[in-house]
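Student: Sharing a structure below in structure tokens format, with a few things to ask.
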Amino acid sequence: MKLTRLGHAAVLLEGEATVLIDPFLTDNPLASVRPEDLPHIDIIVVTHDHFDHFGDTVEIAKKFGSELVAVHEICQKKEVTDSGIKATGMNIGGTYQVRGIGINLTPAIHSVGGSDAAGVVVSINGKNVYHAGDTALFSDMQLIKDLAGPIDIALLPIGGHFTMDVSAAAKAAELLGAEITIPIHYNTWPPIEADPKQLEQIYNGAVAILDPGQSYEIGE
Ligand code: NI
Ligand code: MN
């Protein structure tokens with residue numbers, strides 16, 4: 001399974017199927033790819049309904065016939081229902097199996113008008129990838145591995161201001177106990193400037209810093 005960071009919180013997983021999480025590419029100053037240059041996308045997961053996460057969802061789903069998976073209210077947005085794209089609404093705590101992949105929405109502490117914010121564990125090629133979405137630190141993060149199984153890769157926001165900062169993310173990484181922790185959601189704009197190397201310094205576990213466009217491969 002190959003994970004590619006596309007900039008900000010956008011991440012592409014290529015394995016048994018292709019899963020695109022939080023596809024904010026157009027207007028993303030750090031995007032490593034344009035929507036029209038993406039490979040075929042089977043599934044789009046949106047953690048919450050902010051522009052820097054919902055992003056190019058509709059355009060990409062229309063192009064590839066991708067299935068949107070998100071909390072119910074995002075799938076009920078007029079923009080989504082009007083577009084005719086396939087959208088499967090679910091909710092926090094639930095798991096949806098599609099194309100051999102498991103999608104489990106987890107809690108997140110973050111304000112969103114009209115719907116709740118989530119994180120997600122994507123189980124793909126026998127690996128668990130946790131994308132925290134936008135969130136503050138919360139102690140129940142330690143339960144995610146108990147429910148989903150050991151976490152292979154944790155993608156954690158470190159930019160602060162709207163989410164955890166580096167020191168909170170280091171604490172989150174401890175609670176999650178992932179094999180590898182990859183920082184996201186930083187340096188896109190001035191309010192979320194952060195140095196990902198600080199995470200390596202204060203967190204006593206493995207960190208992989210991926211610049212936009214860089215990939216990390218794990219297992220088959
Ligand atoms: Ni947000
Ligand atoms: Mn955000």
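By order of appearance in the structure tokens: chains A, B, ..., then residues from 1 within every chain, and ligands from 1 in the order shown.
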Within 12 Å of ligand 1, counting only C-alpha atoms and all ligand atoms, which protein or nucleic acid residues do you find, written as a PyMOL selection string?

Tutor: chain A and resi 8-9+22+24+46-55+108-113+115-119+132-136+157+159-164+185

Student: Just write the chosen residues, N, CA, C and O atoms, as a short mmCIF file (atom, residue, chain, number, x, y, z; two decimals), in the first residue's frame.

Tutor:
data_model
loop_
_atom_site.label_atom_id
_atom_site.label_comp_id
_atom_site.auth_asym_id
_atom_site.auth_seq_id
_atom_site.Cartn_x
_atom_site.Cartn_y
_atom_site.Cartn_z
N HIS A 8 -1.40 19.89 2.60
CA HIS A 8 -2.40 20.18 3.63
C HIS A 8 -2.85 18.86 4.28
O HIS A 8 -2.01 18.13 4.80
N ALA A 9 -4.14 18.55 4.24
CA ALA A 9 -4.58 17.28 4.86
C ALA A 9 -4.95 16.23 3.81
O ALA A 9 -5.51 15.18 4.15
N ASP A 22 -9.79 13.87 2.13
CA ASP A 22 -9.77 15.33 2.22
C ASP A 22 -9.09 16.01 1.02
O ASP A 22 -8.06 16.69 1.15
N PHE A 24 -8.52 18.55 -0.90
CA PHE A 24 -8.41 20.00 -1.13
C PHE A 24 -7.17 20.24 -1.97
O PHE A 24 -6.05 20.20 -1.45
N VAL A 46 -14.23 12.29 3.26
CA VAL A 46 -14.12 13.68 3.72
C VAL A 46 -14.34 13.68 5.23
O VAL A 46 -15.39 13.24 5.71
N THR A 47 -13.37 14.16 5.98
CA THR A 47 -13.47 14.10 7.44
C THR A 47 -14.47 15.10 8.00
O THR A 47 -15.11 14.83 9.01
N HIS A 48 -14.59 16.27 7.34
CA HIS A 48 -15.56 17.26 7.81
C HIS A 48 -15.76 18.32 6.75
O HIS A 48 -14.98 18.46 5.82
N ASP A 49 -16.84 19.07 6.96
CA ASP A 49 -17.29 19.99 5.92
C ASP A 49 -16.67 21.37 6.04
O ASP A 49 -17.37 22.37 6.20
N HIS A 50 -15.36 21.44 5.97
CA HIS A 50 -14.66 22.71 5.79
C HIS A 50 -14.01 22.69 4.41
O HIS A 50 -13.61 21.64 3.94
N PHE A 51 -13.89 23.88 3.82
CA PHE A 51 -13.43 23.94 2.42
C PHE A 51 -12.07 23.29 2.22
O PHE A 51 -11.79 22.74 1.16
N ASP A 52 -11.22 23.35 3.26
CA ASP A 52 -9.86 22.82 3.10
C ASP A 52 -9.82 21.29 3.29
O ASP A 52 -8.73 20.70 3.36
N HIS A 53 -11.02 20.68 3.36
CA HIS A 53 -11.12 19.21 3.46
C HIS A 53 -12.08 18.67 2.40
O HIS A 53 -11.77 17.71 1.72
N PHE A 54 -13.24 19.33 2.25
CA PHE A 54 -14.20 18.92 1.21
C PHE A 54 -13.61 19.20 -0.17
O PHE A 54 -13.72 18.37 -1.08
N GLY A 55 -12.98 20.35 -0.31
CA GLY A 55 -12.19 20.69 -1.49
C GLY A 55 -12.85 20.34 -2.82
O GLY A 55 -13.96 20.78 -3.12
N ALA A 108 -13.77 13.51 16.53
CA ALA A 108 -12.80 14.61 16.42
C ALA A 108 -13.41 15.78 17.18
O ALA A 108 -14.63 15.91 17.22
N ILE A 109 -12.57 16.56 17.78
CA ILE A 109 -13.07 17.76 18.48
C ILE A 109 -12.73 18.97 17.63
O ILE A 109 -11.57 19.39 17.53
N HIS A 110 -13.77 19.52 16.97
CA HIS A 110 -13.55 20.58 15.99
C HIS A 110 -14.93 21.12 15.62
O HIS A 110 -15.87 20.36 15.50
N SER A 111 -15.05 22.42 15.45
CA SER A 111 -16.37 22.98 15.14
C SER A 111 -16.65 22.92 13.64
O SER A 111 -15.77 23.20 12.82
N VAL A 112 -17.85 22.51 13.30
CA VAL A 112 -18.32 22.57 11.91
C VAL A 112 -19.81 22.89 11.96
O VAL A 112 -20.56 22.20 12.63
N GLY A 113 -20.25 23.93 11.28
CA GLY A 113 -21.68 24.20 11.24
C GLY A 113 -22.40 23.14 10.44
O GLY A 113 -21.97 22.77 9.36
N SER A 115 -22.77 19.89 10.60
CA SER A 115 -22.42 18.47 10.71
C SER A 115 -21.25 18.35 11.66
O SER A 115 -20.59 19.33 11.97
N ASP A 116 -21.00 17.14 12.11
CA ASP A 116 -19.88 16.93 13.03
C ASP A 116 -18.59 16.63 12.28
O ASP A 116 -18.61 16.15 11.15
N ALA A 117 -17.49 16.90 12.93
CA ALA A 117 -16.18 16.57 12.38
C ALA A 117 -15.79 15.17 12.82
O ALA A 117 -16.11 14.75 13.93
N ALA A 118 -15.08 14.48 11.96
CA ALA A 118 -14.66 13.11 12.25
C ALA A 118 -13.18 12.94 11.95
O ALA A 118 -12.56 13.78 11.28
N GLY A 119 -12.64 11.84 12.47
CA GLY A 119 -11.40 11.29 11.96
C GLY A 119 -11.79 10.00 11.26
O GLY A 119 -12.97 9.64 11.22
N ALA A 132 -6.55 11.84 11.40
CA ALA A 132 -7.26 12.45 12.53
C ALA A 132 -8.23 13.55 12.11
O ALA A 132 -9.02 14.01 12.92
N GLY A 133 -8.20 13.97 10.85
CA GLY A 133 -8.99 15.12 10.44
C GLY A 133 -8.47 16.36 11.15
O GLY A 133 -7.28 16.46 11.46
N ASP A 134 -9.34 17.31 11.39
CA ASP A 134 -8.97 18.46 12.21
C ASP A 134 -9.46 18.17 13.61
O ASP A 134 -10.66 17.91 13.81
N THR A 135 -8.59 18.21 14.58
CA THR A 135 -9.05 17.93 15.93
C THR A 135 -8.09 18.49 16.97
O THR A 135 -6.90 18.71 16.69
N ALA A 136 -8.65 18.71 18.15
CA ALA A 136 -7.85 18.92 19.34
C ALA A 136 -7.44 17.55 19.86
O ALA A 136 -7.96 16.52 19.44
N PRO A 157 -2.66 16.32 12.51
CA PRO A 157 -2.43 17.74 12.28
C PRO A 157 -1.48 18.30 13.33
O PRO A 157 -1.58 17.95 14.51
N GLY A 159 -0.42 21.88 12.88
CA GLY A 159 -0.28 23.31 12.61
C GLY A 159 -0.78 24.25 13.69
O GLY A 159 -0.51 25.45 13.65
N GLY A 160 -1.54 23.72 14.66
CA GLY A 160 -2.08 24.59 15.70
C GLY A 160 -3.15 25.52 15.15
O GLY A 160 -3.61 25.38 14.02
N HIS A 161 -3.58 26.45 15.96
CA HIS A 161 -4.58 27.48 15.65
C HIS A 161 -5.98 26.87 15.41
O HIS A 161 -6.92 27.25 16.08
N PHE A 162 -6.11 25.96 14.45
CA PHE A 162 -7.41 25.32 14.19
C PHE A 162 -7.43 23.88 14.70
O PHE A 162 -8.48 23.22 14.70
N THR A 163 -6.26 23.37 15.05
CA THR A 163 -6.12 21.95 15.41
C THR A 163 -5.03 21.84 16.49
O THR A 163 -4.51 22.83 16.97
N MET A 164 -4.65 20.60 16.77
CA MET A 164 -3.51 20.35 17.64
C MET A 164 -2.27 21.06 17.09
O MET A 164 -2.11 21.19 15.88
N HIS A 185 -1.44 19.05 7.81
CA HIS A 185 -2.18 20.27 8.17
C HIS A 185 -1.25 21.32 8.82
O HIS A 185 -1.51 21.81 9.92
#

Student: Set the distance at 6 Å and use only C-alpha atoms: which residues neighbour segment 96-103 of chain A once local chain neighbours fewer than 4 positions away are removed? I'd like the list as an NGL selection string.

Tutor: :A and (121-124)

Student: With N, CA, C and O atoms retained, write the just-selected residues as a short mmCIF file (atom, residue, chain, number, x, y, z; two decimals), in the first residue's frame.

Tutor:
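And here is the file that came out, again.cif:
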data_model
loop_
_atom_site.label_atom_id
_atom_site.label_comp_id
_atom_site.auth_asym_id
_atom_site.auth_seq_id
_atom_site.Cartn_x
_atom_site.Cartn_y
_atom_site.Cartn_z
N VAL A 121 -10.39 5.80 10.34
CA VAL A 121 -9.43 4.71 10.19
C VAL A 121 -9.78 3.98 8.91
O VAL A 121 -10.89 3.45 8.78
N VAL A 122 -8.86 3.98 7.96
CA VAL A 122 -9.04 3.23 6.73
C VAL A 122 -8.23 1.94 6.85
O VAL A 122 -7.02 1.99 7.07
N SER A 123 -8.92 0.81 6.76
CA SER A 123 -8.25 -0.49 6.79
C SER A 123 -8.10 -0.97 5.36
O SER A 123 -9.09 -1.22 4.68
N ILE A 124 -6.85 -1.03 4.92
CA ILE A 124 -6.58 -1.29 3.51
C ILE A 124 -5.32 -2.16 3.41
O ILE A 124 -4.33 -1.88 4.08
#

Student: One decimal, Å: what's the distance from atom CA of Leu25 of chain A over to atom CA of Ala87 of chain A, could you say?

Tutor: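 That distance, rounded to one decimal, is 20.0 Å.
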
Student: Just checking: using only C-alpha atoms, which residue out of A:Lys63, A:Lys78, A:Lys145, A:Lys127 ends up closest to Glu16 of chain A?

Tutor: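 Checking each candidate against Glu16 of chain A, we get A:Lys127 as the closest.
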
Student: Apply DSSP to the structure's backbone, then extract all residues of segment 1-217 of chain A labelled strand (DSSP E or B) and return them as a PyMOL selection string.

Tutor: chain A and resi 2-7+10-14+18-21+43-45+67-71+86-90+95-98+101-107+118-124+127-131+153-157+159+165+180-184+207+215-217

Student: Which residues are near Ile151 of chain A? Cut-off 9 Å, only C-alpha atoms, ignore same chain within fewer than 2 positions. Put them as a list in words.

Tutor: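 After dropping sequence-adjacent residues, the list is Val121, Lys127, Asn128, Val129, Tyr130, Ile144, Lys145, Ala148, Gly149, Ile153, Ala154, Leu176, Gly177, Ala178, Glu179 and Ile180 of chain A.
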
Student: Which residues come within 6 Å of segment 206-215 of chain A, counting only C-alpha atoms, excluding same-chain residues fewer than 6 positions away, as a compact mmCIF listing (two decimals) with C-alpha atoms, in the first residue's frame?

Tutor:
# COMPACT_ATOMS: atom_id res chain seq x y z
CA LEU A 3 0.39 6.55 0.87
CA THR A 4 1.07 9.88 -0.82
CA ARG A 5 0.74 13.22 0.90
CA LEU A 6 -0.81 15.69 -1.54
CA GLY A 7 -0.47 18.79 0.65
CA SER A 32 1.40 18.51 -5.27
CA ILE A 180 4.68 5.57 11.98
CA THR A 181 3.32 9.05 12.58
CA ILE A 182 3.09 11.49 9.68
CA GLU A 200 10.57 14.08 15.80

Student: Within 10 Å of Leu38 of chain A, counting only C-alpha atoms, which residues show up once you throw out same-chain ones fewer than 2 positions away? Write them as an MDAnalysis selection string, please.

Tutor: chainID A and resid 12 20 33:36 40:41 60 64

Student: Quick one: pull the distance between atom CA of Ile158 of chain A and atom CA of His72 of chain A, Å, one decimal.

Tutor: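 Result for atom CA of Ile158 of chain A versus atom CA of His72 of chain A: 27.1 Å, one decimal.
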